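What follows is work.cif (mmCIF, C-alpha atoms).
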data_target
#
loop_
_atom_site.label_atom_id
_atom_site.label_comp_id
_atom_site.auth_asym_id
_atom_site.auth_seq_id
_atom_site.Cartn_x
_atom_site.Cartn_y
_atom_site.Cartn_z
CA ILE A 1 -12.35 9.90 15.92
CA LEU A 2 -9.23 9.65 18.04
CA LYS A 3 -7.37 6.34 18.22
CA VAL A 4 -4.53 5.90 20.67
CA LYS A 5 -2.02 3.08 20.91
CA ARG A 6 -0.33 2.66 24.27
CA ALA A 7 2.97 0.87 24.73
CA PRO A 8 2.90 -1.24 27.92
CA GLY A 9 5.71 -0.09 30.17
CA GLY A 10 6.68 2.53 27.60
CA ALA A 11 8.15 -0.02 25.17
CA LEU A 12 6.65 -0.62 21.74
CA PRO A 13 5.73 -4.31 21.34
CA ALA A 14 8.14 -6.32 19.21
CA ALA A 15 5.26 -8.03 17.41
CA GLY A 16 1.74 -7.33 16.21
CA ALA A 17 -0.98 -8.37 13.78
CA LEU A 18 -2.29 -6.61 10.68
CA HIS A 19 -5.57 -7.46 8.94
CA VAL A 20 -6.08 -6.72 5.24
CA ARG A 21 -9.44 -6.81 3.46
CA PHE A 22 -9.34 -7.29 -0.32
CA PHE A 23 -11.86 -5.80 -2.77
CA PHE A 24 -12.14 -6.65 -6.49
CA ALA A 25 -13.54 -4.36 -9.17
CA PRO A 26 -15.54 -6.01 -11.98
CA GLY A 27 -13.51 -7.41 -14.86
CA VAL A 28 -10.15 -7.70 -13.11
CA GLY A 29 -9.97 -11.47 -13.56
CA ILE A 30 -10.48 -12.37 -9.90
CA THR A 31 -13.68 -12.33 -7.90
CA ALA A 32 -14.12 -12.55 -4.16
CA ALA A 33 -15.26 -16.16 -4.53
CA GLN A 34 -12.09 -17.05 -6.44
CA ALA A 35 -9.60 -15.07 -4.37
CA ALA A 36 -8.71 -17.68 -1.74
CA SER A 37 -7.68 -20.14 -4.46
CA ASN A 38 -6.15 -17.73 -6.97
CA ALA A 39 -2.50 -18.76 -7.30
CA ARG A 40 -1.15 -15.37 -8.31
CA LEU A 41 -2.93 -13.42 -5.59
CA GLN A 42 -2.06 -15.91 -2.85
CA ALA A 43 1.61 -16.05 -3.92
CA ALA A 44 1.76 -12.25 -3.75
CA PHE A 45 0.06 -12.24 -0.36
CA MET A 46 2.51 -14.86 0.89
CA GLY A 47 5.41 -12.62 -0.16
CA MET A 48 3.86 -9.72 1.71
CA ARG A 49 3.34 -11.83 4.83
CA GLN A 50 6.97 -12.96 4.72
CA ALA A 51 8.21 -9.37 4.38
CA TYR A 52 6.14 -8.07 7.29
CA ALA A 53 7.06 -11.10 9.41
CA THR A 54 10.71 -9.94 9.32
CA VAL A 55 9.69 -6.93 11.43
CA GLY A 56 7.38 -8.86 13.75
CA ILE A 57 4.04 -8.32 12.02
CA THR A 58 1.68 -11.19 11.23
CA VAL A 59 -0.54 -10.32 8.26
CA THR A 60 -3.87 -12.05 7.73
CA ALA A 61 -6.72 -11.68 5.23
CA ALA A 62 -9.77 -10.20 6.93
CA GLY A 63 -11.91 -11.19 3.95
CA TYR A 64 -12.56 -10.88 0.21
CA GLU A 65 -15.34 -8.76 -1.31
CA ASP A 66 -16.47 -7.66 -4.76
CA VAL A 67 -16.91 -3.95 -5.42
CA GLY A 68 -20.67 -3.67 -5.70
CA GLY A 69 -23.23 -1.26 -7.10
CA ALA A 70 -24.82 -0.66 -10.48
CA ASP A 71 -21.92 1.55 -11.52
CA ALA A 72 -19.13 -0.69 -10.19
CA ALA A 73 -17.71 -1.32 -13.69
CA ARG A 74 -16.48 2.30 -13.70
CA PHE A 75 -13.74 1.23 -11.34
CA THR A 76 -12.27 -1.50 -13.58
CA VAL A 77 -9.76 1.10 -14.78
CA ILE A 78 -9.11 4.19 -12.65
CA ASP A 79 -9.27 7.14 -15.05
CA ALA A 80 -9.11 10.08 -12.64
CA GLN A 81 -8.13 10.99 -9.10
CA ALA A 82 -11.79 11.65 -8.29
CA GLU A 83 -12.67 8.12 -9.39
CA MET A 84 -10.03 6.67 -7.10
CA ASP A 85 -11.42 8.79 -4.25
CA GLU A 86 -14.88 7.36 -4.93
CA LEU A 87 -13.51 3.84 -4.86
CA PHE A 88 -11.86 4.37 -1.48
CA ALA A 89 -15.13 5.74 -0.11
CA ARG A 90 -17.08 2.73 -1.42
CA ARG A 91 -16.86 0.78 1.81
CA PRO A 92 -19.59 1.94 4.22
CA ALA A 93 -18.42 4.35 6.88
CA GLY A 94 -17.27 2.71 10.07
CA THR A 95 -14.19 1.59 11.94
CA SER A 96 -12.24 -1.65 12.26
CA ASP A 97 -8.56 -2.43 12.48
CA GLU A 98 -8.14 -3.29 8.78
CA VAL A 99 -6.46 -1.93 5.66
CA ASN A 100 -8.66 -1.92 2.55
CA VAL A 101 -6.89 -3.05 -0.64
CA TYR A 102 -8.79 -2.47 -3.90
CA PHE A 103 -7.76 -4.33 -7.04
CA VAL A 104 -8.47 -2.77 -10.43
CA ARG A 105 -7.08 -3.62 -13.86
CA SER A 106 -4.89 -0.51 -14.09
CA ILE A 107 -4.54 3.17 -13.24
CA ALA A 108 -4.70 5.22 -16.45
CA ALA A 109 -2.19 7.96 -17.23
CA SER A 110 -5.17 10.34 -17.37
CA ALA A 111 -5.53 9.90 -13.61
CA GLY A 112 -2.52 12.19 -13.15
CA LEU A 113 -0.65 9.72 -10.97
CA ASN A 114 2.49 9.37 -13.11
CA GLY A 115 1.66 5.93 -14.46
CA ALA A 116 1.45 4.43 -10.98
CA ILE A 117 0.82 0.71 -10.60
CA GLY A 118 -0.37 1.19 -7.04
CA VAL A 119 -1.45 4.13 -4.87
CA ALA A 120 -2.08 4.54 -1.15
CA GLY A 121 -4.90 6.84 -0.08
CA ASP A 122 -2.46 8.80 2.05
CA ILE A 123 0.73 8.59 4.11
CA VAL A 124 -0.49 7.87 6.81
CA GLY A 125 -3.91 6.60 5.65
CA PRO A 126 -6.89 6.96 8.00
CA PRO A 127 -6.10 4.13 10.45
CA GLY A 128 -9.04 1.78 10.62
CA VAL A 129 -11.49 4.45 9.41
CA HIS A 130 -13.57 3.42 6.40
CA GLY A 131 -15.73 5.31 3.94
CA THR A 132 -13.45 8.31 3.35
CA ILE A 133 -11.77 9.32 0.07
CA GLN A 134 -8.43 8.16 1.50
CA SER A 135 -9.51 4.90 3.12
CA GLY A 136 -7.51 2.35 1.19
CA VAL A 137 -4.88 1.24 -1.27
CA VAL A 138 -5.51 0.63 -4.98
CA ILE A 139 -3.41 -1.75 -7.12
CA GLY A 140 -3.56 -2.48 -10.85
CA LEU A 141 -3.56 -6.24 -11.44
CA ASP A 142 -2.70 -5.88 -15.14
CA SER A 143 -0.01 -3.23 -14.69
CA THR A 144 1.79 -5.19 -11.96
CA LEU A 145 2.09 -8.19 -14.29
CA ASN A 146 5.07 -6.66 -16.04
CA GLY A 147 6.49 -8.60 -18.98
CA GLY A 148 3.65 -11.11 -19.13
CA GLY A 149 4.55 -12.66 -15.80
CA ALA A 150 8.33 -12.68 -16.09
CA ARG A 151 8.46 -9.70 -13.72
CA ASP A 152 5.42 -9.97 -11.49
CA LEU A 153 5.37 -6.92 -9.22
CA LEU A 154 2.18 -7.69 -7.33
CA SER A 155 3.78 -8.83 -4.08
CA ASN A 156 6.17 -5.88 -3.99
CA THR A 157 3.41 -3.39 -4.81
CA LEU A 158 1.08 -4.83 -2.17
CA SER A 159 3.79 -4.64 0.50
CA HIS A 160 4.89 -1.17 -0.62
CA GLU A 161 1.48 0.52 -0.77
CA VAL A 162 0.32 -0.92 2.54
CA GLY A 163 3.65 0.32 3.95
CA HIS A 164 2.72 3.82 2.80
CA TYR A 165 -0.72 3.51 4.37
CA LEU A 166 0.87 2.59 7.71
CA GLY A 167 3.27 5.54 7.60
CA LEU A 168 6.36 4.72 5.53
CA TRP A 169 7.76 7.06 2.87
CA HIS A 170 10.08 6.14 0.01
CA THR A 171 13.65 5.29 0.86
CA ARG A 172 14.67 7.53 -2.04
CA GLU A 173 12.73 9.52 -4.62
CA GLN A 174 13.12 9.49 -8.39
CA GLN A 175 13.82 13.21 -8.65
CA ALA A 176 16.70 15.08 -7.07
CA PRO A 177 16.06 16.93 -3.80
CA CYS A 178 14.67 20.47 -3.93
CA THR A 179 17.23 23.12 -3.04
CA THR A 180 15.03 26.25 -2.95
CA PRO A 181 11.47 26.85 -1.69
CA SER A 182 10.17 27.81 -5.15
CA GLN A 183 11.82 24.97 -7.08
CA THR A 184 9.58 22.60 -9.04
CA GLY A 185 10.20 19.19 -10.63
CA CYS A 186 12.15 18.03 -7.58
CA SER A 187 11.65 15.99 -4.42
CA PRO A 188 10.65 17.92 -1.27
CA PHE A 189 11.92 17.01 2.20
CA GLY A 190 15.37 16.14 0.85
CA GLY A 191 14.24 13.30 -1.38
CA GLY A 192 15.44 10.73 1.15
CA TYR A 193 14.21 8.83 4.17
CA PRO A 194 14.63 10.24 7.71
CA ILE A 195 14.99 6.88 9.51
CA SER A 196 18.65 6.50 10.44
CA ASP A 197 19.00 2.77 9.71
CA THR A 198 17.24 2.94 6.33
CA PRO A 199 19.64 3.43 3.39
CA THR A 200 19.10 6.45 1.14
CA ASP A 201 21.98 5.86 -1.29
CA THR A 202 20.79 4.51 -4.62
CA ALA A 203 22.34 1.05 -4.20
CA GLY A 204 21.01 0.52 -0.68
CA ALA A 205 17.67 2.26 -1.10
CA SER A 206 16.82 0.33 -4.25
CA ARG A 207 16.98 -2.98 -2.35
CA ASN A 208 14.26 -1.89 0.08
CA THR A 209 10.51 -2.52 -0.23
CA MET A 210 9.88 1.24 -0.06
CA TYR A 211 12.08 2.28 -2.99
CA TRP A 212 10.20 4.53 -5.42
CA SER A 213 10.45 2.01 -8.29
CA ALA A 214 9.17 -1.55 -7.92
CA ALA A 215 11.20 -4.63 -8.77
CA PRO A 216 10.50 -8.33 -8.13
CA GLY A 217 11.77 -9.68 -4.85
CA LEU A 218 12.38 -6.35 -3.10
CA LEU A 219 10.61 -7.33 0.10
CA THR A 220 12.84 -6.03 2.87
CA PHE A 221 12.28 -3.54 5.69
CA SER A 222 14.86 -2.04 8.03
CA PRO A 223 14.38 -2.36 11.82
CA GLY A 224 13.51 1.34 11.93
CA GLN A 225 10.85 0.90 9.29
CA GLY A 226 9.51 -2.01 11.31
CA ARG A 227 9.16 0.24 14.33
CA VAL A 228 7.08 2.69 12.28
CA LEU A 229 4.88 -0.13 10.98
CA ARG A 230 4.33 -1.61 14.45
CA SER A 231 3.50 1.87 15.78
CA SER A 232 0.34 2.02 13.67
CA VAL A 233 -2.77 1.92 15.84
CA ILE A 234 -4.23 -0.82 13.62
CA VAL A 235 -1.28 -3.16 14.15
CA ASN A 236 -2.15 -4.84 17.41
#
Output the file's structure as structure tokens, nothing else.
Amino acid sequence: ILKVKRAPGGALPAAGALHVRFFFAPGVGITAAQAASNARLQAAFMGMRQAYATVGITVTAAGYEDVGGADAARFTVIDAQAEMDELFARRPAGTSDEVNVYFVRSIAASAGLNGAIGVAGDIVGPPGVHGTIQSGVVIGLDSTLNGGGARDLLSNTLSHEVGHYLGLWHTREQQAPCTTPSQTGCSPFGGGYPISDTPTDTAGASRNTMYWSAAPGLLTFSPGQGRVLRSSVIVN
């Protein structure tokens, strides 16, 4: 499948629309029928919409669905990378200009994902292609409710992981940059962001939505990041 986005007159549009479809694993505390009226989810989604609006992107909910199947309860907690891959492939194969966001309770340390509270299927994820092991974003509803609600990270995590799926990397990594080809326990590619207007110093990078560590209220993108987001073939 080849998808091409053309810029009329050679200029990337200053605005676009993004559609997100939400899926809920059994036992996460929200079902598809409850999602539209769930205060926490809708507040987080509002924060995401406000963040993306600053770079000209209107975000809408394409729909809410429950993760189905006789074995669906396996996905309540993601225990392994292979399980997460299965979850992403759960939606039937096909294409549509949507990002799939899967909510689970948490992502276990045994999954080998460094205690992540959210994970994108890839950077860039398959744009608008469903049914692959990378077709989506997974977020832990329990693990984003840090401190019993005093530090709710759901909005930040939602904005951040969808940003990865559309092509954004971290503004700065946790580990220091690698200095030799054989070095381990370090960040490849310099450990910083290559977009010129996006800060990579700790103070500046940590105030951006794409910083490696989540914090409440960090819902900002630079103009350069906005250009990357609007360049996605599913933002139209």
Which residues match the PyMOL selection byres ((chain A and resi 32) around 7) in the file above, as a ChimeraX atom specification? /A:24,30-31,33-35,64-66
Tell me, as a PyMOL selection string, which residues lie within 10 Å of Asn208 of chain A, counting only C-alpha atoms; anything in the same chain fewer than 6 positions away does not count. chain A and resi 156+160+170-172+198-200+214-215+217-222
Resolved residues for the PyMOL selection byres ((chain A and resi 88) around 8) as a compact mmCIF listing (two decimals) with C-alpha atoms, in the frame of the given file:
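The result, stored in result07.txt:
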# COMPACT_ATOMS: atom_id res chain seq x y z
CA MET A 84 -10.03 6.67 -7.10
CA ASP A 85 -11.42 8.79 -4.25
CA GLU A 86 -14.88 7.36 -4.93
CA LEU A 87 -13.51 3.84 -4.86
CA ALA A 89 -15.13 5.74 -0.11
CA ARG A 90 -17.08 2.73 -1.42
CA ARG A 91 -16.86 0.78 1.81
CA TYR A 102 -8.79 -2.47 -3.90
CA GLY A 121 -4.90 6.84 -0.08
CA GLY A 131 -15.73 5.31 3.94
CA THR A 132 -13.45 8.31 3.35
CA ILE A 133 -11.77 9.32 0.07
CA GLN A 134 -8.43 8.16 1.50
CA SER A 135 -9.51 4.90 3.12
CA GLY A 136 -7.51 2.35 1.19
CA VAL A 137 -4.88 1.24 -1.27
Quick one: everything within 6 Å of segment 47-56 of chain A, counting all atoms listed in the file, minus sequence neighbours fewer than 2 positions away in the same chain. Send it as a ChimeraX atom specification. /A:15,44-45,58-59,155,159,219-220,226
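Atom CA of Ile234 of chain A lies 21.1 Å from atom CA of Ile195 of chain A.
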Give me the residues within 6 Å of Ser187 of chain A as an MDAnalysis selection string, counting all atoms listed in the file and dropping any in the same chain fewer than 5 places off. chainID A and resid 175:178
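Surrounding residues of (-5.2, 7.4, 15.3) at most 8 Å away are Ile1, Leu2, Lys3, Val4, Lys5, Pro126, Pro127, Ser232 and Val233 of chain A (based on only C-alpha atoms).
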